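The file model.cif comes next; it holds mmCIF, C-alpha atoms.
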```
data_run
#
loop_
_atom_site.group_PDB
_atom_site.id
_atom_site.type_symbol
_atom_site.label_atom_id
_atom_site.label_comp_id
_atom_site.auth_asym_id
_atom_site.auth_seq_id
_atom_site.Cartn_x
_atom_site.Cartn_y
_atom_site.Cartn_z
ATOM 1 C CA MET A 1 -10.259 -7.037 -56.425
ATOM 2 C CA LYS A 2 -11.227 -6.208 -52.865
ATOM 3 C CA THR A 3 -11.339 -9.874 -51.884
ATOM 4 C CA ILE A 4 -7.827 -10.450 -53.238
ATOM 5 C CA LEU A 5 -6.577 -7.441 -51.273
ATOM 6 C CA LEU A 6 -8.308 -8.678 -48.106
ATOM 7 C CA LEU A 7 -6.903 -12.190 -48.494
ATOM 8 C CA SER A 8 -3.380 -10.895 -49.100
ATOM 9 C CA CYS A 9 -3.627 -8.681 -45.986
ATOM 10 C CA LEU A 10 -4.735 -11.676 -43.931
ATOM 11 C CA LEU A 11 -1.874 -13.757 -45.351
ATOM 12 C CA TYR A 12 0.719 -11.106 -44.514
ATOM 13 C CA ALA A 13 -0.763 -10.631 -41.032
ATOM 14 C CA SER A 14 -0.515 -14.355 -40.335
ATOM 15 C CA LEU A 15 3.098 -14.372 -41.540
ATOM 16 C CA THR A 16 4.009 -11.535 -39.186
ATOM 17 C CA TRP A 17 2.424 -13.359 -36.245
ATOM 18 C CA GLY A 18 4.480 -16.406 -37.140
ATOM 19 C CA GLN A 19 7.674 -14.359 -37.092
ATOM 20 C CA ALA A 20 6.770 -12.859 -33.727
ATOM 21 C CA ALA A 21 6.167 -16.318 -32.223
ATOM 22 C CA VAL A 22 9.546 -17.617 -33.422
ATOM 23 C CA SER A 23 11.423 -14.651 -31.970
ATOM 24 C CA ALA A 24 9.544 -14.958 -28.645
ATOM 25 C CA MET A 25 10.520 -18.611 -28.213
ATOM 26 C CA ASN A 26 14.243 -18.002 -28.576
ATOM 27 C CA GLY A 27 15.526 -14.586 -27.581
ATOM 28 C CA GLN A 28 19.196 -15.507 -27.837
ATOM 29 C CA PRO A 29 21.185 -13.910 -30.646
ATOM 30 C CA GLN A 30 22.342 -16.228 -33.375
ATOM 31 C CA PRO A 31 25.797 -15.183 -34.609
ATOM 32 C CA LEU A 32 26.536 -15.438 -38.293
ATOM 33 C CA HIS A 33 29.226 -17.979 -39.103
ATOM 34 C CA GLN A 34 31.108 -17.279 -42.318
ATOM 35 C CA THR A 35 32.712 -20.158 -44.128
ATOM 36 C CA SER A 36 36.457 -19.864 -44.312
ATOM 37 C CA HIS A 37 38.705 -20.424 -47.293
ATOM 38 C CA PRO A 38 42.075 -21.370 -45.799
ATOM 39 C CA GLU A 39 43.721 -21.889 -49.185
ATOM 40 C CA HIS A 40 43.606 -18.194 -50.034
ATOM 41 C CA ALA A 41 43.404 -16.604 -46.594
ATOM 42 C CA SER A 42 46.192 -18.363 -44.775
ATOM 43 C CA GLN A 43 49.613 -16.812 -44.328
ATOM 44 C CA ALA A 44 52.228 -18.468 -46.514
ATOM 45 C CA SER A 45 55.357 -17.639 -48.434
ATOM 46 C CA MET A 46 55.123 -16.009 -51.837
ATOM 47 C CA SER A 47 53.875 -18.471 -54.421
ATOM 48 C CA ARG A 48 53.492 -18.338 -58.167
ATOM 49 C CA GLU A 49 50.895 -16.147 -59.835
ATOM 50 C CA GLN A 50 47.304 -17.420 -60.031
ATOM 51 C CA SER A 51 44.892 -16.322 -62.719
ATOM 52 C CA LEU A 52 41.526 -15.184 -61.382
ATOM 53 C CA LEU A 53 39.927 -15.221 -64.832
ATOM 54 C CA GLY A 54 40.029 -18.980 -65.315
ATOM 55 C CA GLY A 55 40.433 -18.872 -69.101
ATOM 56 C CA SER A 56 42.842 -17.397 -71.565
ATOM 57 C CA TYR A 57 43.198 -13.657 -71.305
ATOM 58 C CA THR A 58 45.375 -11.418 -73.431
ATOM 59 C CA SER A 59 46.332 -7.854 -72.765
ATOM 60 C CA ALA A 60 48.492 -5.266 -74.456
ATOM 61 C CA GLN A 61 50.744 -2.546 -73.167
ATOM 62 C CA GLY A 62 49.891 1.126 -73.492
ATOM 63 C CA GLU A 63 46.726 3.087 -73.971
ATOM 64 C CA ARG A 64 45.178 4.685 -77.014
ATOM 65 C CA PRO A 65 43.702 8.141 -76.629
ATOM 66 C CA LEU A 66 39.966 8.482 -77.066
ATOM 67 C CA TRP A 67 40.272 10.755 -80.090
ATOM 68 C CA GLU A 68 41.918 7.909 -82.020
ATOM 69 C CA VAL A 69 39.166 5.416 -81.296
ATOM 70 C CA ALA A 70 35.855 7.273 -80.910
ATOM 71 C CA PRO A 71 34.405 9.763 -83.388
ATOM 72 C CA PRO A 72 33.857 13.270 -82.049
ATOM 73 C CA SER A 73 30.393 13.738 -80.610
ATOM 74 C CA GLN A 74 28.044 16.267 -82.164
ATOM 75 C CA SER A 75 26.022 17.866 -79.396
ATOM 76 C CA THR A 76 23.004 20.050 -80.065
ATOM 77 C CA PRO A 77 22.333 22.901 -77.644
ATOM 78 C CA LEU A 78 19.354 22.384 -75.344
ATOM 79 C CA GLY A 79 17.685 25.579 -76.532
ATOM 80 C CA ASP A 80 17.596 24.328 -80.129
ATOM 81 C CA LEU A 81 16.171 21.001 -78.985
ATOM 82 C CA ALA A 82 13.474 22.776 -76.991
ATOM 83 C CA ARG A 83 12.520 24.935 -79.998
ATOM 84 C CA THR A 84 12.192 21.960 -82.334
ATOM 85 C CA LEU A 85 10.104 20.043 -79.769
ATOM 86 C CA LYS A 86 7.833 23.051 -79.341
ATOM 87 C CA LYS A 87 7.349 23.316 -83.127
ATOM 88 C CA GLN A 88 6.594 19.597 -83.363
ATOM 89 C CA HIS A 89 4.085 19.913 -80.525
ATOM 90 C CA GLU A 90 2.310 22.805 -82.254
ATOM 91 C CA THR A 91 2.039 20.958 -85.574
ATOM 92 C CA ALA A 92 1.102 17.586 -84.077
ATOM 93 C CA LYS A 93 -2.333 16.114 -84.751
ATOM 94 C CA LYS A 94 -4.811 17.039 -82.051
ATOM 95 C CA ALA A 95 -7.685 14.962 -80.754
ATOM 96 C CA THR A 96 -11.006 15.672 -82.443
ATOM 97 C CA PHE A 97 -13.208 14.083 -79.784
ATOM 98 C CA ILE A 98 -13.004 15.149 -76.143
ATOM 99 C CA ARG A 99 -14.770 12.996 -73.603
ATOM 100 C CA GLU A 100 -15.890 14.556 -70.334
ATOM 101 C CA ASN A 101 -17.332 12.586 -67.434
#
```

Would you mind writing the file out in structure tokens?
Amino acid sequence: MKTILLLSCLLYASLTWGQAAVSAMNGQPQPLHQTSHPEHASQASMSREQSLLGGSYTSAQGERPLWEVAPPSQSTPLGDLARTLKKQHETAKKATFIREN
């Protein structure tokens, strides 16, 4: 295990030296050049609608309230949950053998 850790440290150290040598050879900043998409970014007159989804997509008008779709949630108070967990912990099977170093 120690040899793997030592070898990985040496590998990472050699990689950092390689990065330092590359930056020392060329200190000029390299600007990032984004590719342009003139079809969508150019200024033009209003054209017809384009679908971004690519396939068939259907939608309906209006919204349904949540109480029509989802059943009401039954929440249990946290105190009751804590009491039941405490009772389960008390009645749970305990270890019979305890090992001490």

Provide an axis-aligned box for all listed atoms of region 64-76 of chain A, padding each side by 5 Å; report its centre and its edge lengths in Å to one decimal, as JSON.
```
{"center_x": 34.1, "center_y": 12.4, "center_z": -80.0, "size_x": 32.2, "size_y": 25.4, "size_z": 16.8}
```

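Counting from CA of Ser73 (chain A), the distance to CA of Lys87 (chain A) is 25.1 Å.
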
Rounded to one decimal in Å, what is the spacing between CA of Leu52 (chain A) and CA of Thr35 (chain A)?
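So the two atoms, CA of Leu52 (chain A) and CA of Thr35 (chain A), lie 20.0 Å apart.
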
Take CA of Gln30 (chain A) and CA of Ala13 (chain A) and report the distance between them in Å, one decimal.
25.0 Å
